[in-house]
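Pasting final_3.cif here (mmCIF, C-alpha atoms and all ligand atoms):
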data_query
loop_
_atom_site.label_atom_id
_atom_site.label_comp_id
_atom_site.auth_asym_id
_atom_site.auth_seq_id
_atom_site.Cartn_x
_atom_site.Cartn_y
_atom_site.Cartn_z
CA GLY A 1 -1.00 -2.75 -13.65
CA ALA A 2 2.33 -3.40 -11.98
CA ALA A 3 2.56 -5.90 -9.15
CA ALA A 4 3.27 -3.15 -6.63
CA GLU A 5 0.04 -1.26 -7.39
CA PRO A 6 -2.98 -1.93 -5.18
CA PRO A 7 -5.95 -3.40 -7.04
CA PRO A 8 -8.48 -0.80 -8.21
CA LYS A 9 -11.33 -0.12 -5.79
CA LEU A 10 -14.87 -1.21 -6.54
CA VAL A 11 -16.85 2.02 -6.62
CA LEU A 12 -20.62 2.14 -7.17
CA ASP A 13 -22.10 5.25 -8.83
CA LEU A 14 -25.07 5.93 -6.55
CA GLU A 15 -26.55 8.66 -8.78
CA ARG A 16 -26.63 6.30 -11.75
CA LEU A 17 -28.00 3.52 -9.55
CA SER A 18 -30.86 5.75 -8.40
CA GLN A 19 -31.80 6.48 -12.03
CA LEU A 20 -32.18 2.80 -12.94
CA GLU A 21 -35.47 0.95 -12.53
CA GLY A 22 -36.59 -2.64 -12.64
CA VAL A 23 -36.47 -5.91 -10.77
CA GLU A 24 -32.92 -6.66 -11.97
CA VAL A 25 -31.56 -3.53 -10.30
CA ALA A 26 -33.51 -3.82 -7.04
CA PRO A 27 -31.27 -6.31 -5.17
CA LEU A 28 -28.15 -4.20 -5.88
CA ALA A 29 -29.96 -1.04 -4.80
CA ARG A 30 -31.04 -2.68 -1.53
CA TYR A 31 -27.53 -4.02 -0.89
CA ALA A 32 -25.94 -0.60 -1.44
CA ALA A 33 -28.57 1.07 0.75
CA THR A 34 -27.84 -1.45 3.52
CA ILE A 35 -24.09 -0.70 3.41
CA GLN A 36 -24.80 3.04 3.47
CA ALA A 37 -27.03 2.56 6.52
CA GLN A 38 -24.49 0.37 8.34
CA ARG A 39 -21.78 3.00 7.79
CA GLY A 40 -24.01 6.00 8.34
CA ASP A 41 -22.71 7.15 4.92
CA TYR A 42 -25.80 8.75 3.35
CA ASN A 43 -24.54 11.76 1.42
CA GLY A 44 -22.06 10.25 -1.03
CA LYS A 45 -22.40 10.27 -4.81
CA VAL A 46 -20.34 7.09 -4.89
CA LEU A 47 -19.88 4.13 -2.52
CA SER A 48 -16.67 2.13 -2.23
CA ILE A 49 -17.54 -1.49 -1.48
CA ARG A 50 -15.57 -4.53 -0.39
CA LYS A 51 -14.25 -6.99 -2.90
CA GLU A 52 -16.04 -9.59 -0.79
CA ASP A 53 -19.32 -7.79 -1.48
CA MET A 54 -19.02 -8.60 -5.18
CA ARG A 55 -18.92 -12.29 -4.26
CA THR A 56 -22.04 -11.91 -2.11
CA LEU A 57 -23.82 -10.04 -4.90
CA ALA A 58 -22.78 -12.77 -7.34
CA VAL A 59 -24.60 -15.33 -5.16
CA ILE A 60 -27.67 -13.07 -5.04
CA TYR A 61 -27.65 -12.67 -8.84
CA ASP A 62 -26.66 -16.32 -9.49
CA GLU A 63 -23.78 -15.23 -11.74
CA ARG A 64 -20.02 -15.61 -11.66
CA PRO A 65 -18.49 -12.48 -10.05
CA SER A 66 -16.73 -11.52 -13.30
CA VAL A 67 -19.98 -11.76 -15.28
CA LEU A 68 -21.89 -9.74 -12.70
CA ALA A 69 -19.13 -7.10 -12.67
CA GLU A 70 -19.40 -6.74 -16.45
CA ARG A 71 -23.15 -6.35 -16.13
CA LEU A 72 -22.79 -3.61 -13.52
CA VAL A 73 -20.34 -1.81 -15.81
CA ALA A 74 -22.88 -2.09 -18.67
CA TRP A 75 -25.49 -0.53 -16.37
CA GLY A 76 -23.06 2.31 -15.71
CA VAL A 77 -22.93 1.75 -11.94
CA LEU A 78 -19.44 0.18 -11.58
CA ASN A 79 -16.06 1.57 -12.63
CA PRO A 80 -14.68 -0.53 -15.55
CA ASP A 81 -11.12 -0.75 -14.19
CA ALA A 82 -12.40 -2.40 -11.02
CA ALA A 83 -14.49 -4.89 -13.02
CA GLU A 84 -11.37 -6.01 -14.86
CA ALA A 85 -9.82 -6.87 -11.48
CA VAL A 86 -12.77 -9.05 -10.37
CA SER A 87 -11.84 -12.70 -10.80
CA ASP A 88 -13.95 -15.76 -10.08
CA GLU A 89 -11.17 -17.65 -8.27
CA ASP A 90 -10.09 -15.17 -5.58
CA SER A 91 -11.24 -15.93 -2.06
P1 LIG B 101 -17.10 -4.00 10.76
O1 LIG B 101 -16.83 -4.86 9.57
O2 LIG B 101 -16.91 -4.64 12.10
O3 LIG B 101 -16.14 -2.72 10.64
C1 LIG B 101 -16.06 -1.81 11.75
C2 LIG B 101 -15.39 -0.52 11.33
O4 LIG B 101 -14.05 -0.80 10.85
C3 LIG B 101 -16.08 0.20 10.18
O5 LIG B 101 -17.12 0.98 10.69
C4 LIG B 101 -14.94 1.03 9.61
O6 LIG B 101 -14.74 2.19 10.40
C5 LIG B 101 -13.72 0.12 9.77
N1 LIG B 101 -13.48 -0.65 8.54
C6 LIG B 101 -13.63 -1.97 8.33
N2 LIG B 101 -13.21 -2.32 7.11
C7 LIG B 101 -12.78 -1.19 6.50
C8 LIG B 101 -12.21 -0.89 5.22
O7 LIG B 101 -12.01 -1.75 4.35
N3 LIG B 101 -11.93 0.42 4.99
C9 LIG B 101 -12.14 1.39 5.91
N4 LIG B 101 -11.83 2.64 5.58
N5 LIG B 101 -12.65 1.14 7.13
C10 LIG B 101 -12.97 -0.12 7.42
P2 LIG B 101 -18.31 1.46 9.73
O8 LIG B 101 -17.78 2.04 8.46
O9 LIG B 101 -19.20 2.35 10.54
O10 LIG B 101 -19.13 0.13 9.35
C11 LIG B 101 -19.93 -0.52 10.34
C12 LIG B 101 -20.30 -1.92 9.91
O11 LIG B 101 -21.08 -1.86 8.71
C13 LIG B 101 -19.10 -2.81 9.56
O12 LIG B 101 -18.60 -3.41 10.76
C14 LIG B 101 -19.74 -3.83 8.65
O13 LIG B 101 -20.45 -4.80 9.40
C15 LIG B 101 -20.74 -2.98 7.88
N6 LIG B 101 -20.16 -2.48 6.62
C16 LIG B 101 -19.75 -1.22 6.37
N7 LIG B 101 -19.31 -1.11 5.12
C17 LIG B 101 -19.45 -2.33 4.55
C18 LIG B 101 -19.15 -2.84 3.24
O14 LIG B 101 -18.66 -2.15 2.31
N8 LIG B 101 -19.45 -4.14 3.02
C19 LIG B 101 -19.95 -4.94 4.02
N9 LIG B 101 -20.17 -6.25 3.72
N10 LIG B 101 -20.24 -4.50 5.25
C20 LIG B 101 -19.98 -3.21 5.51
P1 LIG B 102 -10.74 7.88 -3.52
O1 LIG B 102 -10.86 6.57 -2.83
O2 LIG B 102 -10.32 7.85 -4.96
O3 LIG B 102 -12.15 8.61 -3.38
C1 LIG B 102 -12.40 9.82 -4.06
C2 LIG B 102 -13.66 10.47 -3.55
O4 LIG B 102 -14.77 9.63 -3.87
C3 LIG B 102 -13.71 10.66 -2.03
O5 LIG B 102 -13.10 11.90 -1.70
C4 LIG B 102 -15.19 10.70 -1.77
O6 LIG B 102 -15.71 11.97 -2.08
C5 LIG B 102 -15.72 9.72 -2.79
N1 LIG B 102 -15.92 8.38 -2.20
C6 LIG B 102 -15.24 7.24 -2.49
N2 LIG B 102 -15.75 6.20 -1.83
C7 LIG B 102 -16.78 6.68 -1.09
C8 LIG B 102 -17.72 6.07 -0.20
O7 LIG B 102 -17.75 4.84 0.06
N3 LIG B 102 -18.63 6.90 0.37
C9 LIG B 102 -18.66 8.24 0.12
N4 LIG B 102 -19.56 8.98 0.74
N5 LIG B 102 -17.79 8.84 -0.72
C10 LIG B 102 -16.87 8.07 -1.31
P2 LIG B 102 -12.52 12.11 -0.23
O8 LIG B 102 -13.49 11.66 0.81
O9 LIG B 102 -12.06 13.54 -0.15
O10 LIG B 102 -11.24 11.15 -0.14
C11 LIG B 102 -10.09 11.45 -0.94
C12 LIG B 102 -9.12 10.29 -0.92
O11 LIG B 102 -8.70 10.05 0.43
C13 LIG B 102 -9.73 8.96 -1.39
O12 LIG B 102 -9.67 8.84 -2.78
C14 LIG B 102 -8.80 7.98 -0.70
O13 LIG B 102 -7.58 7.91 -1.42
C15 LIG B 102 -8.53 8.66 0.64
N6 LIG B 102 -9.54 8.15 1.59
C16 LIG B 102 -10.66 8.74 2.05
N7 LIG B 102 -11.31 7.95 2.91
C17 LIG B 102 -10.59 6.81 2.97
C18 LIG B 102 -10.76 5.59 3.69
O14 LIG B 102 -11.73 5.37 4.43
N8 LIG B 102 -9.79 4.63 3.51
C19 LIG B 102 -8.71 4.85 2.70
N9 LIG B 102 -7.78 3.88 2.59
N10 LIG B 102 -8.54 5.98 1.99
C20 LIG B 102 -9.47 6.94 2.14
P1 LIG B 103 -9.78 0.98 1.90
O1 LIG B 103 -10.29 1.58 3.15
O2 LIG B 103 -8.71 1.73 1.14
O3 LIG B 103 -9.25 -0.50 2.24
C1 LIG B 103 -8.55 -1.27 1.25
C2 LIG B 103 -8.43 -2.70 1.73
O4 LIG B 103 -7.69 -2.77 2.95
C3 LIG B 103 -9.78 -3.33 2.00
O5 LIG B 103 -10.31 -3.84 0.78
C4 LIG B 103 -9.38 -4.44 2.98
O6 LIG B 103 -8.84 -5.53 2.28
C5 LIG B 103 -8.29 -3.78 3.79
N1 LIG B 103 -8.84 -3.15 5.01
C6 LIG B 103 -8.91 -1.82 5.29
N2 LIG B 103 -9.42 -1.61 6.52
C7 LIG B 103 -9.69 -2.85 7.03
C8 LIG B 103 -10.26 -3.31 8.28
O7 LIG B 103 -10.61 -2.53 9.21
N3 LIG B 103 -10.39 -4.66 8.44
C9 LIG B 103 -10.03 -5.53 7.46
N4 LIG B 103 -10.23 -6.86 7.67
N5 LIG B 103 -9.50 -5.14 6.26
C10 LIG B 103 -9.33 -3.81 6.07
P2 LIG B 103 -11.90 -4.10 0.69
O8 LIG B 103 -12.38 -4.90 1.85
O9 LIG B 103 -12.12 -4.70 -0.66
O10 LIG B 103 -12.60 -2.65 0.78
C11 LIG B 103 -12.53 -1.76 -0.32
C12 LIG B 103 -12.97 -0.38 0.09
O11 LIG B 103 -14.35 -0.39 0.48
C13 LIG B 103 -12.22 0.21 1.27
O12 LIG B 103 -10.99 0.76 0.84
C14 LIG B 103 -13.20 1.27 1.75
O13 LIG B 103 -13.16 2.40 0.88
C15 LIG B 103 -14.54 0.57 1.54
N6 LIG B 103 -14.96 -0.15 2.77
C16 LIG B 103 -14.96 -1.47 2.98
N7 LIG B 103 -15.43 -1.79 4.18
C17 LIG B 103 -15.74 -0.62 4.78
C18 LIG B 103 -16.31 -0.31 6.07
O14 LIG B 103 -16.60 -1.17 6.92
N8 LIG B 103 -16.51 1.03 6.31
C19 LIG B 103 -16.17 1.98 5.40
N9 LIG B 103 -16.40 3.26 5.74
N10 LIG B 103 -15.64 1.72 4.19
C20 LIG B 103 -15.44 0.43 3.89
#
Could you render the structure as structure tokens?
Ligand code: C2E
Ligand code: C2E
Ligand code: C2E
Amino acid sequence: GAAAEPPPKLVLDLERLSQLEGVEVAPLARYAATIQAQRGDYNGKVLSIRKEDMRTLAVIYDERPSVLAERLVAWGVLNPDAAEAVSDEDS
């Protein structure tokens, strides 16, 4: 987008996340549940997370943030426009 636009938010689809099973999904599910608990935000269908959280998740998954973002999009839990904005160099 244009330089004046804010970057797209990272938004997790919690309904989709709850439908997924398996060891690959479990760390993300625990991370999202922890943020919900810390905020006291239990009733949402989606959860906006910090850009910094994608970097933390990338360490957990041992992937570059951009690769992890693409994987979360493929799972259907992350909005694709946000994934495009995830770069591996940003601090
Ligand atoms: P904290 O980081 O000290 O933030 C304290 C409060 O500042 C938050 O309380 C929230 O009201 C506000 N705040 C901080 N950053 C933002 C932001 O980017 N947007 C908005 N709208 N408000 C913000 P809250 O929500 O009750 O969260 C309590 C604590 O839970 C936070 O303390 C932080 O330690 C943790 N937390 C909450 N959400 C996240 C998250 O998405 N990622 C991470 N890593 N931690 C989170
Ligand atoms: P938005 O960011 O596009 O969010 C649209 C709707 O998605 C929100 O409607 C809410 O129902 C849901 N949503 C998004 N992120 C979360 C989340 O982390 N937890 C939960 N439980 N729901 C979430 P809502 O609440 O009526 O907000 C409408 C618009 O108001 C938002 O559009 C945003 O532009 C603004 N807004 C609401 N809360 C905040 C906030 O804490 N910080 C900022 N900067 N804007 C906010
Ligand atoms: P948002 O509330 O629209 O905030 C957009 C950006 O403004 C945040 O991107 C962050 O860079 C900055 N920002 C807003 N409030 C604060 C604050 O209190 N302290 C600091 N240091 N920066 C702030 P970021 O971090 O990528 O977060 C993206 C979205 O995730 C936020 O959009 C909000 O929807 C959600 N979020 C992040 N942290 C929290 C939190 O602690 N509590 C809640 N309720 N929502 C959060």
Hey, could you make a per-residue contact list for chain A against ligand LIG 102 (chain B) with 8 Å as the cut-off, showing the nearest pair of atoms and its distance in Å to one decimal, counting all atoms listed in the file, sorted by chain and number, as a tab-separated table?
residue	atom	partner	partner_atom	distance
A:Lys9	CA	B:LIG102	O1	7.3
A:Val11	CA	B:LIG102	N2	6.5
A:Gln36	CA	B:LIG102	N3	7.9
A:Asp41	CA	B:LIG102	N4	5.5
A:Tyr42	CA	B:LIG102	N4	6.8
A:Asn43	CA	B:LIG102	N4	5.7
A:Gly44	CA	B:LIG102	N4	3.3
A:Lys45	CA	B:LIG102	N5	6.3
A:Val46	CA	B:LIG102	C10	5.1
A:Leu47	CA	B:LIG102	O7	3.4
A:Ser48	CA	B:LIG102	O7	3.7
A:Ile49	CA	B:LIG102	O7	6.5
### Task
Could you give me, as a list in words, the residues within 9 Å of segment 65-77 of chain A, counting only C-alpha atoms and dropping anything in the same chain fewer than 6 positions from it?
Val11, Leu12, Asp13, Leu14, Glu15, Arg16, Leu17, Leu20, Met54, Arg55, Thr56, Leu57, Ala58, Val59, Ala83, Glu84, Ala85, Val86, Ser87 and Asp88 of chain A
### Query
Around (-35.2, -13.5, -11.6) in the file's frame, which residues reach within 9 Å when counting all atoms listed in the file? Return as a PyMOL selection string?
chain A and resi 23-24+61
Which centre and edge lengths in Å to one decimal define the box along x, y and z that fits every listed atom of segment 49-62 of chain A plus 5 Å per side, as AutoDock Vina command-line options?
--center_x -21.0 --center_y -8.9 --center_z -4.9 --size_x 23.4 --size_y 24.8 --size_z 19.1
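Relative to atom CA of Asp53 of chain A, atom N8 of ligand LIG 101 (chain B) is found at 5.8 Å.
Our summary of the geometry notes that atom O5 of ligand LIG 101 (chain B) is positioned 10.2 Å from atom CA of Ile35 of chain A.
Checking A:Leu78, A:Ala4, A:Ala26, A:Ala32 one by one against ligand LIG 101 (chain B), counting only C-alpha atoms and all ligand atoms, you find the shortest gap at A:Ala32.
Distance check against ligand LIG 103 (chain B) using only C-alpha atoms and all ligand atoms: of A:Glu52, A:Gln19, A:Glu5, A:Pro27, the minimum falls on A:Glu52.
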### Summary
Closest of A:Pro7, A:Ala82, A:Glu89, A:Ile60 to Arg30 of chain A, counting only C-alpha atoms, is A:Ile60
### Task
Record the distance separating atom C9 of ligand LIG 103 (chain B) and atom CA of Leu10 of chain A, expressed in Å with one decimal.
15.4 Å
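Closest approach to ligand LIG 103 (chain B) among A:Ala29, A:Gln38, A:Lys51, A:Arg64 is made by A:Lys51 (distances from all atoms listed in the file).
Each of A:Gly22, A:Asn79, A:Glu63, A:Arg39 was checked against ligand LIG 103 (chain B) using only C-alpha atoms and all ligand atoms; the smallest atom-to-atom distance is that of A:Arg39.
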## Note on the structure
Of A:Val25, A:Asp62, A:Pro6, A:Arg50, the one sitting nearest ligand LIG 101 (chain B) when using only C-alpha atoms and all ligand atoms is A:Arg50
